[in-house]
file work-v3.cif (mmCIF, C-alpha atoms (C1' of nucleotides))
data_upload
loop_
_atom_site.label_atom_id
_atom_site.label_comp_id
_atom_site.auth_asym_id
_atom_site.auth_seq_id
_atom_site.Cartn_x
_atom_site.Cartn_y
_atom_site.Cartn_z
CA MET A 871 0.00 0.00 0.00
CA GLY A 872 1.24 3.43 -0.75
CA GLY A 873 3.60 1.66 -2.99
CA VAL A 874 4.11 3.36 -6.31
CA ASN A 875 7.74 3.41 -7.32
CA PRO A 876 8.84 7.06 -7.56
CA ASP A 877 10.77 6.44 -10.75
CA ALA A 878 7.70 5.10 -12.46
CA LEU A 879 5.90 8.34 -11.69
CA ARG A 880 8.26 10.26 -13.93
CA GLY A 881 6.49 11.98 -16.72
CA HIS A 882 3.05 11.13 -15.36
CA MET A 883 2.93 13.66 -12.57
CA ASP A 884 1.77 16.42 -14.88
CA GLY A 885 -1.23 14.44 -16.03
CA LEU A 886 -2.16 13.54 -12.48
CA LEU A 887 -2.04 17.14 -11.33
CA LEU A 888 -3.98 18.47 -14.28
CA SER A 889 -6.51 15.71 -13.83
CA VAL A 890 -7.43 16.49 -10.23
CA LEU A 891 -7.86 20.13 -11.21
CA GLU A 892 -10.17 19.34 -14.08
CA HIS A 893 -13.45 20.05 -12.35
CA GLU A 894 -12.46 22.43 -9.57
CA PRO A 895 -9.58 24.66 -8.51
CA LEU A 896 -7.61 23.35 -5.57
CA HIS A 897 -4.62 24.41 -3.51
CA GLY A 898 -1.50 22.29 -3.16
CA TYR A 899 -2.34 20.61 0.08
CA ALA A 900 -5.80 19.67 -1.16
CA ILE A 901 -4.30 18.35 -4.39
CA ILE A 902 -2.12 15.96 -2.43
CA GLU A 903 -5.17 14.74 -0.53
CA ALA A 904 -7.17 14.39 -3.73
CA LEU A 905 -4.43 12.27 -5.31
CA GLN A 906 -4.41 10.02 -2.30
CA GLU A 907 -8.15 9.70 -2.22
CA ARG A 908 -8.62 9.07 -5.92
CA SER A 909 -5.93 6.42 -5.92
CA GLY A 910 -7.42 4.57 -3.00
CA GLY A 911 -4.51 5.53 -0.79
CA ALA A 912 -1.82 4.30 -3.13
CA LEU A 913 -0.41 7.69 -4.02
CA SER A 914 1.39 9.62 -1.30
CA VAL A 915 3.10 12.37 -3.19
CA PRO A 916 5.38 14.49 -0.99
CA THR A 917 5.12 18.26 -0.86
CA GLY A 918 8.61 18.56 -2.27
CA THR A 919 7.29 17.01 -5.43
CA VAL A 920 3.93 18.70 -5.73
CA TYR A 921 4.76 22.34 -5.04
CA PRO A 922 7.62 22.61 -7.51
CA ALA A 923 5.59 20.70 -10.09
CA LEU A 924 2.65 23.08 -9.72
CA ARG A 925 4.94 26.06 -10.21
CA ARG A 926 6.42 24.45 -13.26
CA LEU A 927 2.98 23.82 -14.74
CA GLU A 928 2.04 27.41 -14.06
CA ARG A 929 5.25 28.62 -15.67
CA VAL A 930 4.45 26.77 -18.88
CA GLY A 931 0.90 28.06 -18.87
CA TYR A 932 -1.14 24.99 -18.01
CA LEU A 933 -2.17 26.34 -14.64
CA ALA A 934 -2.93 29.72 -13.14
CA SER A 935 -2.90 30.51 -9.43
CA GLU A 936 -4.14 33.07 -6.97
CA TRP A 937 -3.85 33.54 -3.24
CA VAL A 938 -6.97 32.89 -1.24
CA THR A 939 -7.34 33.35 2.49
CA VAL A 940 -9.64 30.89 4.22
CA GLY A 941 -10.01 30.90 7.98
CA GLY A 942 -6.88 32.95 8.45
CA ARG A 943 -4.86 30.56 6.32
CA LYS A 944 -3.36 31.54 3.03
CA ARG A 945 -3.74 29.16 0.16
CA ARG A 946 -2.39 29.36 -3.32
CA THR A 947 -5.23 28.03 -5.39
CA TYR A 948 -4.54 26.57 -8.82
CA ARG A 949 -6.92 26.24 -11.73
CA LEU A 950 -6.63 24.82 -15.23
CA THR A 951 -6.11 27.28 -18.07
CA GLY A 952 -7.43 26.70 -21.56
CA THR A 953 -4.16 25.30 -22.79
CA GLY A 954 -3.95 23.26 -19.60
CA ARG A 955 -7.25 21.67 -20.47
CA LYS A 956 -6.00 20.82 -23.94
CA GLN A 957 -2.83 19.47 -22.40
CA LEU A 958 -4.87 17.22 -20.12
CA GLU A 959 -6.53 15.72 -23.16
CA GLY A 960 -3.07 15.16 -24.61
CA GLU A 961 -1.84 13.55 -21.40
CA ARG A 962 -4.75 11.16 -21.47
CA SER A 963 -4.22 9.98 -25.02
CA THR A 964 -0.48 9.79 -24.36
CA TRP A 965 -1.23 7.64 -21.35
CA ARG A 966 -3.40 5.26 -23.35
CA ALA A 967 -0.74 4.97 -26.04
CA PHE A 968 1.93 4.46 -23.39
CA THR A 969 0.09 1.65 -21.63
CA ASN A 970 -0.57 -0.05 -24.95
CA VAL A 971 3.07 0.12 -25.95
CA ILE A 972 4.52 -1.04 -22.65
CA GLY A 973 1.80 -3.61 -22.21
CA SER A 974 2.42 -5.04 -25.65
CA VAL A 975 6.05 -5.65 -24.77
CA LEU A 976 5.60 -6.66 -21.17
CA GLU A 977 2.62 -8.94 -21.60
CA PRO A 978 2.65 -9.94 -25.25
CA ARG A 979 -0.28 -12.36 -25.17
CA ARG A 980 -2.66 -9.74 -23.89
CA THR A 981 -3.69 -7.55 -26.74
CA GLU A 982 -5.78 -5.32 -24.58
CA GLY A 983 -7.09 -5.38 -21.14
CA HIS A 984 -7.19 -3.14 -18.22
CA SER A 985 -8.40 -5.14 -15.32
CA PRO A 986 -7.46 -8.73 -14.47
CA MET B 1035 6.56 6.73 -34.74
CA GLY B 1036 9.03 6.32 -32.01
CA GLY B 1037 6.80 8.41 -29.88
CA VAL B 1038 7.13 7.34 -26.30
CA ASN B 1039 8.16 10.13 -24.00
CA PRO B 1040 11.56 9.21 -22.54
CA ASP B 1041 10.58 10.37 -19.07
CA ALA B 1042 7.62 8.06 -19.05
CA LEU B 1043 9.92 5.13 -19.68
CA ARG B 1044 11.62 5.67 -16.35
CA GLY B 1045 11.38 2.69 -14.12
CA HIS B 1046 9.85 0.53 -16.84
CA MET B 1047 12.95 -0.17 -18.84
CA ASP B 1048 13.96 -3.09 -16.62
CA GLY B 1049 10.68 -4.86 -17.18
CA LEU B 1050 10.88 -4.35 -20.92
CA LEU B 1051 14.37 -5.78 -21.13
CA LEU B 1052 13.62 -8.75 -18.93
CA SER B 1053 10.47 -9.41 -20.90
CA VAL B 1054 12.09 -9.69 -24.32
CA LEU B 1055 14.62 -12.10 -22.82
CA GLU B 1056 11.98 -14.33 -21.30
CA HIS B 1057 11.91 -17.02 -23.96
CA GLU B 1058 15.32 -16.69 -25.58
CA PRO B 1059 18.73 -15.16 -24.94
CA LEU B 1060 19.52 -12.15 -27.12
CA HIS B 1061 22.35 -9.68 -27.61
CA GLY B 1062 21.93 -5.94 -27.17
CA TYR B 1063 21.38 -5.04 -30.77
CA ALA B 1064 18.77 -7.76 -31.18
CA ILE B 1065 17.06 -6.62 -27.99
CA ILE B 1066 16.64 -3.15 -29.43
CA GLU B 1067 15.11 -4.64 -32.56
CA ALA B 1068 12.86 -6.90 -30.52
CA LEU B 1069 11.58 -3.94 -28.52
CA GLN B 1070 10.81 -2.09 -31.70
CA GLU B 1071 9.09 -5.05 -33.27
CA ARG B 1072 7.01 -6.00 -30.27
CA SER B 1073 5.84 -2.43 -29.81
CA GLY B 1074 4.80 -2.07 -33.42
CA GLY B 1075 7.57 0.40 -34.09
CA ALA B 1076 6.73 2.72 -31.21
CA LEU B 1077 9.81 2.00 -29.13
CA SER B 1078 13.15 3.18 -30.46
CA VAL B 1079 15.42 2.80 -27.50
CA PRO B 1080 18.90 4.21 -28.11
CA THR B 1081 22.02 2.15 -27.52
CA GLY B 1082 23.13 4.61 -24.86
CA THR B 1083 20.11 3.50 -22.86
CA VAL B 1084 20.11 -0.22 -23.53
CA TYR B 1085 23.74 -1.18 -23.05
CA PRO B 1086 24.21 0.48 -19.68
CA ALA B 1087 20.84 -0.87 -18.55
CA LEU B 1088 21.81 -4.43 -19.50
CA ARG B 1089 25.02 -4.11 -17.55
CA ARG B 1090 23.15 -2.81 -14.57
CA LEU B 1091 20.71 -5.71 -14.72
CA GLU B 1092 23.60 -8.12 -14.90
CA ARG B 1093 25.29 -6.44 -11.96
CA VAL B 1094 22.23 -6.95 -9.78
CA GLY B 1095 21.91 -10.55 -10.88
CA TYR B 1096 18.84 -10.53 -13.09
CA LEU B 1097 20.82 -11.25 -16.23
CA ALA B 1098 23.91 -13.22 -17.15
CA SER B 1099 25.96 -12.72 -20.30
CA GLU B 1100 28.52 -14.43 -22.44
CA TRP B 1101 30.41 -13.52 -25.60
CA VAL B 1102 29.34 -15.34 -28.72
CA THR B 1103 30.95 -15.03 -32.13
CA VAL B 1104 28.62 -15.30 -35.09
CA GLY B 1105 29.88 -14.73 -38.60
CA GLY B 1106 33.02 -13.04 -37.40
CA ARG B 1107 31.04 -10.66 -35.22
CA LYS B 1108 31.23 -10.65 -31.47
CA ARG B 1109 28.02 -10.45 -29.54
CA ARG B 1110 27.46 -10.25 -25.84
CA THR B 1111 24.44 -12.44 -25.35
CA TYR B 1112 22.24 -11.97 -22.32
CA ARG B 1113 19.92 -14.47 -20.69
CA LEU B 1114 17.55 -14.35 -17.74
CA THR B 1115 18.76 -15.83 -14.47
CA GLY B 1116 16.46 -17.45 -11.95
CA THR B 1117 16.12 -14.31 -9.90
CA GLY B 1118 15.67 -12.37 -13.11
CA ARG B 1119 12.69 -14.52 -13.94
CA LYS B 1120 11.20 -13.88 -10.54
CA GLN B 1121 11.89 -10.19 -10.98
CA LEU B 1122 10.04 -10.24 -14.29
CA GLU B 1123 6.99 -11.58 -12.51
CA GLY B 1124 7.35 -8.76 -10.02
CA GLU B 1125 7.67 -6.18 -12.77
CA ARG B 1126 4.49 -7.43 -14.33
CA SER B 1127 2.38 -7.23 -11.22
CA THR B 1128 3.93 -3.86 -10.41
CA TRP B 1129 2.97 -2.71 -13.88
CA ARG B 1130 -0.63 -3.79 -13.44
CA ALA B 1131 -0.85 -2.03 -10.09
CA PHE B 1132 0.77 1.04 -11.55
CA THR B 1133 -1.64 1.32 -14.47
CA ASN B 1134 -4.57 0.86 -12.14
CA VAL B 1135 -3.39 3.62 -9.83
CA ILE B 1136 -2.53 6.15 -12.51
CA GLY B 1137 -5.58 5.23 -14.52
CA SER B 1138 -7.85 5.71 -11.53
CA VAL B 1139 -6.60 9.25 -11.12
CA LEU B 1140 -6.23 10.18 -14.75
CA GLU B 1141 -9.45 8.72 -16.05
CA PRO B 1142 -11.81 8.38 -13.11
CA ARG B 1143 -14.84 6.09 -13.34
CA ARG B 1144 -14.13 5.12 -16.90
CA THR B 1145 -13.68 1.39 -16.82
CA GLU B 1146 -15.38 0.61 -20.08
CA GLY B 1147 -16.68 2.42 -23.07
CA HIS B 1148 -14.42 3.93 -25.62
CA SER B 1149 -15.50 7.28 -26.88
CA PRO B 1150 -13.33 9.36 -29.17
"C1'" DT C 723 0.20 29.27 29.38
"C1'" DG C 724 2.45 25.95 26.73
"C1'" DC C 725 2.31 21.93 23.76
"C1'" DC C 726 0.78 19.22 20.13
"C1'" DT C 727 -1.42 18.22 15.82
"C1'" DA C 728 -3.31 19.49 11.45
"C1'" DC C 729 -3.06 22.73 7.93
"C1'" DA C 730 -0.21 25.14 4.36
"C1'" DT C 731 3.73 26.59 1.39
"C1'" DA C 732 8.41 26.59 -0.04
"C1'" DT C 733 13.48 25.58 -1.23
"C1'" DA C 734 18.07 23.23 -1.36
"C1'" DG C 735 20.44 19.36 -2.53
"C1'" DA C 736 20.71 14.47 -3.68
"C1'" DG C 737 19.85 10.62 -6.54
"C1'" DA C 738 18.88 7.97 -10.52
"C1'" DG C 739 18.22 6.76 -15.04
"C1'" DC C 740 17.39 7.93 -19.76
"C1'" DC C 741 19.28 10.63 -23.52
"C1'" DT C 742 22.64 12.79 -26.96
"C1'" DA C 743 26.89 12.42 -28.90
"C1'" DC C 744 30.79 10.25 -29.77
"C1'" DA C 745 34.31 6.41 -30.26
"C1'" DT C 746 35.48 1.95 -32.07
"C1'" DG C 747 35.39 -1.97 -34.99
"C1'" DT C 748 33.77 -5.98 -38.48
"C1'" DA C 749 31.32 -7.80 -42.71
"C1'" DG C 750 29.45 -7.53 -47.09
"C1'" DA C 751 27.71 -5.03 -51.18
"C1'" DC C 752 28.71 -2.02 -55.06
"C1'" DG D 1070 37.63 1.93 -51.45
"C1'" DT D 1071 33.45 3.56 -49.79
"C1'" DC D 1072 29.04 2.93 -47.85
"C1'" DT D 1073 25.64 0.68 -45.06
"C1'" DA D 1074 24.25 -2.55 -41.62
"C1'" DC D 1075 25.76 -4.78 -37.68
"C1'" DA D 1076 27.57 -4.43 -32.88
"C1'" DT D 1077 29.26 -2.61 -28.35
"C1'" DG D 1078 30.50 0.84 -25.33
"C1'" DT D 1079 31.43 5.45 -22.43
"C1'" DA D 1080 31.09 10.38 -20.97
"C1'" DG D 1081 28.38 13.99 -19.73
"C1'" DG D 1082 24.07 16.31 -19.39
"C1'" DC D 1083 19.32 16.86 -18.22
"C1'" DT D 1084 15.30 16.77 -15.65
"C1'" DC D 1085 12.18 15.16 -12.46
"C1'" DT D 1086 11.20 13.17 -8.08
"C1'" DC D 1087 12.54 12.62 -3.35
"C1'" DT D 1088 14.45 13.74 1.35
"C1'" DA D 1089 15.14 17.02 4.60
"C1'" DT D 1090 14.45 21.25 6.36
"C1'" DA D 1091 12.36 25.90 7.24
"C1'" DT D 1092 8.50 28.81 8.23
"C1'" DG D 1093 4.08 30.02 9.92
"C1'" DT D 1094 -1.23 29.82 11.42
"C1'" DA D 1095 -5.28 27.74 13.91
"C1'" DG D 1096 -7.44 25.04 17.26
"C1'" DG D 1097 -7.71 21.44 20.95
"C1'" DC D 1098 -6.38 20.27 25.44
"C1'" DA D 1099 -4.25 20.01 29.92
#

call {"tool": "encode", "arguments": {"input": "work-v3.cif", "output": "structure tokens"}}
result
Amino acid sequence: MGGVNPDALRGHMDGLLLSVLEHEPLHGYAIIEALQERSGGALSVPTGTVYPALRRLERVGYLASEWVTVGGRKRRTYRLTGTGRKQLEGERSTWRAFTNVIGSVLEPRRTEGHSP
Amino acid sequence: MGGVNPDALRGHMDGLLLSVLEHEPLHGYAIIEALQERSGGALSVPTGTVYPALRRLERVGYLASEWVTVGGRKRRTYRLTGTGRKQLEGERSTWRAFTNVIGSVLEPRRTEGHSP
DNA sequence: TGCCTACATATAGAGAGCCTACATGTAGAC
DNA sequence: GTCTACATGTAGGCTCTCTATATGTAGGCA
């Protein structure tokens, strides 16, 4: 449990972050919780990964952020931009292609398949 | 063609290499071709990735190698060891878990159906 | 009052592995 | 003799993720 190999996460973090922001803006801390919840507890992404990644995604224009104060606490709330939304679509089709490619090599007999 | 994001490959290379060696020993160059063939041309893994990776896998005991001369050409031929075979099993179940986790976050509640 | 936990953001530095680019060499075709 | 395919290998760079640390607020509780 909680056991996703960090190396394997490489290159998929962006899609995960964009995905949890698809329907509502969230701040970093809430994003981490959302990832954990959506994955059934399997994803525990440390703050040192998430905060820099969010800034990077904002820098390239996929996200936009603003400071919001709630109950005396300051939160930097991120939302998807238009290009971010397009990028999310791209991440999803890339993901499907990726799983097909790796799957075809790793488990040659299985042409398709998602669940056991 | 050749369109798998290098970053995404991180942490999956081992499984791919072990997998193509499952049923027969191969040398590095042939492994690269096998990866390309099995993936339908999508995987073009450069020599600078494969050769060091094979050495690493040998160092940790998943592979064993020997020099073979064929038609005047020297090949270092790799084969799976016993632990390598076990590791391959591990890589496969890790892969299934990984796709489930990422998939659950990236494409929530879409288990079937296939809309464009 | 002081302490602890949960909430919340951020950065520095390390680590690892995949890539580009280059170096080296043989065999066979033309 | 030159070119392509075959074949292996290393050096150095890049980038992302992680660990560890720093900072600060709010609320419960003894």

call {"tool": "interface_residues", "arguments": {"input": "work-v3.cif", "of": "chain A", "to": "chain B", "cutoff": "7 Å", "atoms": "all atoms listed in the file", "output": "PyMOL selection string"}}
result
chain A and resi 874+877-878+880-882+885-886+889+905+908-909+912+962+968+971+974-976

call {"tool": "residues_around", "arguments": {"input": "work-v3.cif", "residues": "segment 926-938 of chain A", "least_positions_apart": "2", "cutoff": "7 Å", "atoms": "all atoms listed in the file", "output": "list in words"}}
result
Pro922, Ala923, Leu924, Val940, Lys944, Arg945, Arg946, Thr947, Tyr948, Arg949, Leu950, Thr951, Thr953 and Gly954 of chain A

call {"tool": "closest_residue", "arguments": {"input": "work-v3.cif", "among": "C:DA730, C:DA749, C:DC741, C:DA736", "to": "chain A", "atoms": "all atoms listed in the file"}}
result
C:DA730

call {"tool": "calpha_fit_and_write", "arguments": {"input": "work-v3.cif", "fixed": "chain A", "moving": "chain B", "output": "compact mmCIF listing (two decimals) with C-alpha atoms, keeping the file's coordinate frame"}}
result
# COMPACT_ATOMS: atom_id res chain seq x y z
CA MET B 1035 -0.46 1.42 0.47
CA GLY B 1036 1.32 4.29 -1.04
CA GLY B 1037 3.00 1.87 -3.32
CA VAL B 1038 3.71 3.53 -6.60
CA ASN B 1039 7.35 3.45 -7.55
CA PRO B 1040 8.56 7.06 -7.69
CA ASP B 1041 10.53 6.46 -10.87
CA ALA B 1042 7.45 5.24 -12.64
CA LEU B 1043 5.73 8.51 -11.86
CA ARG B 1044 8.21 10.40 -13.99
CA GLY B 1045 6.58 12.27 -16.77
CA HIS B 1046 3.09 11.51 -15.50
CA MET B 1047 2.95 13.95 -12.66
CA ASP B 1048 1.87 16.82 -14.91
CA GLY B 1049 -1.13 14.92 -16.17
CA LEU B 1050 -2.15 13.95 -12.66
CA LEU B 1051 -2.00 17.51 -11.41
CA LEU B 1052 -3.84 18.95 -14.37
CA SER B 1053 -6.46 16.25 -14.06
CA VAL B 1054 -7.42 16.94 -10.45
CA LEU B 1055 -7.76 20.62 -11.34
CA GLU B 1056 -10.04 19.97 -14.28
CA HIS B 1057 -13.35 20.69 -12.60
CA GLU B 1058 -12.36 22.94 -9.72
CA PRO B 1059 -9.47 25.10 -8.55
CA LEU B 1060 -7.57 23.67 -5.58
CA HIS B 1061 -4.60 24.59 -3.41
CA GLY B 1062 -1.53 22.40 -3.07
CA TYR B 1063 -2.48 20.64 0.10
CA ALA B 1064 -5.93 19.82 -1.24
CA ILE B 1065 -4.39 18.57 -4.47
CA ILE B 1066 -2.31 16.08 -2.54
CA GLU B 1067 -5.42 14.87 -0.74
CA ALA B 1068 -7.35 14.67 -3.99
CA LEU B 1069 -4.63 12.54 -5.57
CA GLN B 1070 -4.72 10.21 -2.62
CA GLU B 1071 -8.48 9.98 -2.64
CA ARG B 1072 -8.88 9.46 -6.35
CA SER B 1073 -6.24 6.74 -6.37
CA GLY B 1074 -7.84 4.86 -3.52
CA GLY B 1075 -4.97 5.70 -1.22
CA ALA B 1076 -2.23 4.47 -3.54
CA LEU B 1077 -0.73 7.85 -4.31
CA SER B 1078 1.05 9.67 -1.51
CA VAL B 1079 2.86 12.42 -3.30
CA PRO B 1080 5.17 14.40 -1.02
CA THR B 1081 4.99 18.18 -0.78
CA GLY B 1082 8.53 18.42 -2.09
CA THR B 1083 7.22 16.99 -5.34
CA VAL B 1084 3.90 18.77 -5.65
CA TYR B 1085 4.78 22.36 -4.84
CA PRO B 1086 7.70 22.67 -7.23
CA ALA B 1087 5.69 20.86 -9.91
CA LEU B 1088 2.78 23.30 -9.53
CA ARG B 1089 5.14 26.22 -9.89
CA ARG B 1090 6.66 24.70 -12.96
CA LEU B 1091 3.23 24.17 -14.51
CA GLU B 1092 2.36 27.76 -13.76
CA ARG B 1093 5.61 28.95 -15.28
CA VAL B 1094 4.84 27.21 -18.56
CA GLY B 1095 1.32 28.57 -18.58
CA TYR B 1096 -0.81 25.53 -17.86
CA LEU B 1097 -1.87 26.80 -14.46
CA ALA B 1098 -2.61 30.15 -12.88
CA SER B 1099 -2.65 30.84 -9.15
CA GLU B 1100 -3.89 33.34 -6.64
CA TRP B 1101 -3.67 33.68 -2.87
CA VAL B 1102 -6.86 33.02 -0.98
CA THR B 1103 -7.34 33.39 2.75
CA VAL B 1104 -9.71 30.93 4.36
CA GLY B 1105 -10.17 30.86 8.11
CA GLY B 1106 -7.02 32.83 8.72
CA ARG B 1107 -4.99 30.47 6.57
CA LYS B 1108 -3.38 31.49 3.34
CA ARG B 1109 -3.72 29.20 0.39
CA ARG B 1110 -2.28 29.50 -3.06
CA THR B 1111 -5.10 28.27 -5.23
CA TYR B 1112 -4.37 26.92 -8.68
CA ARG B 1113 -6.69 26.70 -11.66
CA LEU B 1114 -6.35 25.38 -15.19
CA THR B 1115 -5.74 27.90 -17.94
CA GLY B 1116 -6.97 27.44 -21.49
CA THR B 1117 -3.70 26.00 -22.68
CA GLY B 1118 -3.60 23.88 -19.56
CA ARG B 1119 -6.91 22.36 -20.54
CA LYS B 1120 -5.60 21.59 -23.99
CA GLN B 1121 -2.48 20.13 -22.44
CA LEU B 1122 -4.62 17.87 -20.27
CA GLU B 1123 -6.22 16.48 -23.39
CA GLY B 1124 -2.75 15.88 -24.77
CA GLU B 1125 -1.63 14.16 -21.59
CA ARG B 1126 -4.58 11.84 -21.79
CA SER B 1127 -4.00 10.72 -25.34
CA THR B 1128 -0.29 10.43 -24.62
CA TRP B 1129 -1.14 8.23 -21.67
CA ARG B 1130 -3.31 5.94 -23.76
CA ALA B 1131 -0.59 5.62 -26.39
CA PHE B 1132 1.98 5.01 -23.71
CA THR B 1133 0.05 2.21 -22.03
CA ASN B 1134 -0.56 0.58 -25.38
CA VAL B 1135 3.11 0.65 -26.28
CA ILE B 1136 4.44 -0.58 -22.96
CA GLY B 1137 1.64 -3.07 -22.63
CA SER B 1138 2.33 -4.49 -26.07
CA VAL B 1139 5.90 -5.22 -25.08
CA LEU B 1140 5.33 -6.24 -21.50
CA GLU B 1141 2.31 -8.43 -22.00
CA PRO B 1142 2.27 -9.51 -25.63
CA ARG B 1143 -0.92 -10.85 -27.19
CA ARG B 1144 -2.88 -10.59 -24.00
CA THR B 1145 -5.72 -8.26 -24.78
CA GLU B 1146 -8.37 -10.01 -22.78
CA GLY B 1147 -8.64 -12.71 -20.22
CA HIS B 1148 -7.52 -12.23 -16.70
CA SER B 1149 -5.73 -15.16 -15.21
CA PRO B 1150 -4.08 -14.99 -11.82

call {"tool": "resolve_selection", "arguments": {"input": "work-v3.cif", "expression": "the PyMOL selection byres ((chain D) within 10 of (chain B))", "output": "list of chain:residue names"}}
result
D:DC1075, D:DA1076, D:DT1077, D:DG1078, D:DT1079, D:DT1084, D:DC1085

call {"tool": "write_last_selection", "arguments": {"input": "work-v3.cif", "atoms": "C-alpha atoms (C1' of nucleotides)", "output": "CSV table (one decimal), in the frame of the given file"}}
result
chain,number,residue,atom,x,y,z
D,1075,DC,C1',25.8,-4.8,-37.7
D,1076,DA,C1',27.6,-4.4,-32.9
D,1077,DT,C1',29.3,-2.6,-28.4
D,1078,DG,C1',30.5,0.8,-25.3
D,1079,DT,C1',31.4,5.4,-22.4
D,1084,DT,C1',15.3,16.8,-15.6
D,1085,DC,C1',12.2,15.2,-12.5

call {"tool": "interface_residues", "arguments": {"input": "work-v3.cif", "of": "chain C", "to": "chain B", "cutoff": "12 Å", "atoms": "all atoms listed in the file", "output": "list in words"}}
result
DA738, DG739, DC740, DC741, DT742, DA743, DC744, DG747, DT748, DA749 and DG750 of chain C

call {"tool": "atom_distance", "arguments": {"input": "work-v3.cif", "atom1": "atom C1' of DC726 of chain C", "atom2": "atom CA of Ile901 of chain A"}}
result
25.1 Å

call {"tool": "atom_distance", "arguments": {"input": "work-v3.cif", "atom1": "atom C1' of DA1099 of chain D", "atom2": "atom C1' of DA728 of chain C"}}
result
18.5 Å

call {"tool": "atom_distance", "arguments": {"input": "work-v3.cif", "atom1": "atom C1' of DC1083 of chain D", "atom2": "atom C1' of DG737 of chain C"}}
result
13.3 Å

call {"tool": "build_atoms", "arguments": {"input": "work-v3.cif", "residues": "segment 1038-1054 of chain B", "atoms": "N, CA and C atoms", "output": "short mmCIF file (atom, residue, chain, number, x, y, z; two decimals), keeping the file's coordinate frame"}}
result
data_model
loop_
_atom_site.label_atom_id
_atom_site.label_comp_id
_atom_site.auth_asym_id
_atom_site.auth_seq_id
_atom_site.Cartn_x
_atom_site.Cartn_y
_atom_site.Cartn_z
N VAL B 1038 7.37 7.46 -27.73
CA VAL B 1038 7.13 7.34 -26.30
C VAL B 1038 8.04 8.31 -25.56
N ASN B 1039 7.44 9.16 -24.80
CA ASN B 1039 8.16 10.13 -24.00
C ASN B 1039 9.20 9.46 -23.11
N PRO B 1040 10.47 9.83 -23.27
CA PRO B 1040 11.56 9.21 -22.54
C PRO B 1040 11.33 9.19 -21.03
N ASP B 1041 10.81 10.29 -20.51
CA ASP B 1041 10.58 10.37 -19.07
C ASP B 1041 9.62 9.30 -18.59
N ALA B 1042 8.63 9.03 -19.43
CA ALA B 1042 7.62 8.06 -19.05
C ALA B 1042 8.20 6.65 -18.95
N LEU B 1043 9.29 6.45 -19.64
CA LEU B 1043 9.92 5.13 -19.68
C LEU B 1043 10.62 4.79 -18.37
N ARG B 1044 10.93 5.82 -17.62
CA ARG B 1044 11.62 5.67 -16.35
C ARG B 1044 11.01 4.61 -15.45
N GLY B 1045 11.86 3.70 -15.05
CA GLY B 1045 11.38 2.69 -14.12
C GLY B 1045 10.66 1.54 -14.80
N HIS B 1046 10.49 1.62 -16.13
CA HIS B 1046 9.85 0.53 -16.84
C HIS B 1046 10.80 -0.21 -17.76
N MET B 1047 11.95 0.40 -17.94
CA MET B 1047 12.95 -0.17 -18.84
C MET B 1047 13.34 -1.59 -18.40
N ASP B 1048 13.55 -1.78 -17.13
CA ASP B 1048 13.96 -3.09 -16.62
C ASP B 1048 12.98 -4.17 -17.03
N GLY B 1049 11.71 -3.90 -16.82
CA GLY B 1049 10.68 -4.86 -17.18
C GLY B 1049 10.69 -5.18 -18.66
N LEU B 1050 10.86 -4.14 -19.47
CA LEU B 1050 10.88 -4.35 -20.92
C LEU B 1050 12.02 -5.26 -21.34
N LEU B 1051 13.19 -5.00 -20.77
CA LEU B 1051 14.37 -5.78 -21.13
C LEU B 1051 14.23 -7.23 -20.67
N LEU B 1052 13.80 -7.39 -19.43
CA LEU B 1052 13.62 -8.75 -18.93
C LEU B 1052 12.59 -9.49 -19.76
N SER B 1053 11.57 -8.78 -20.17
CA SER B 1053 10.47 -9.41 -20.90
C SER B 1053 10.89 -9.96 -22.27
N VAL B 1054 11.69 -9.19 -23.00
CA VAL B 1054 12.09 -9.69 -24.32
C VAL B 1054 13.08 -10.84 -24.21
#
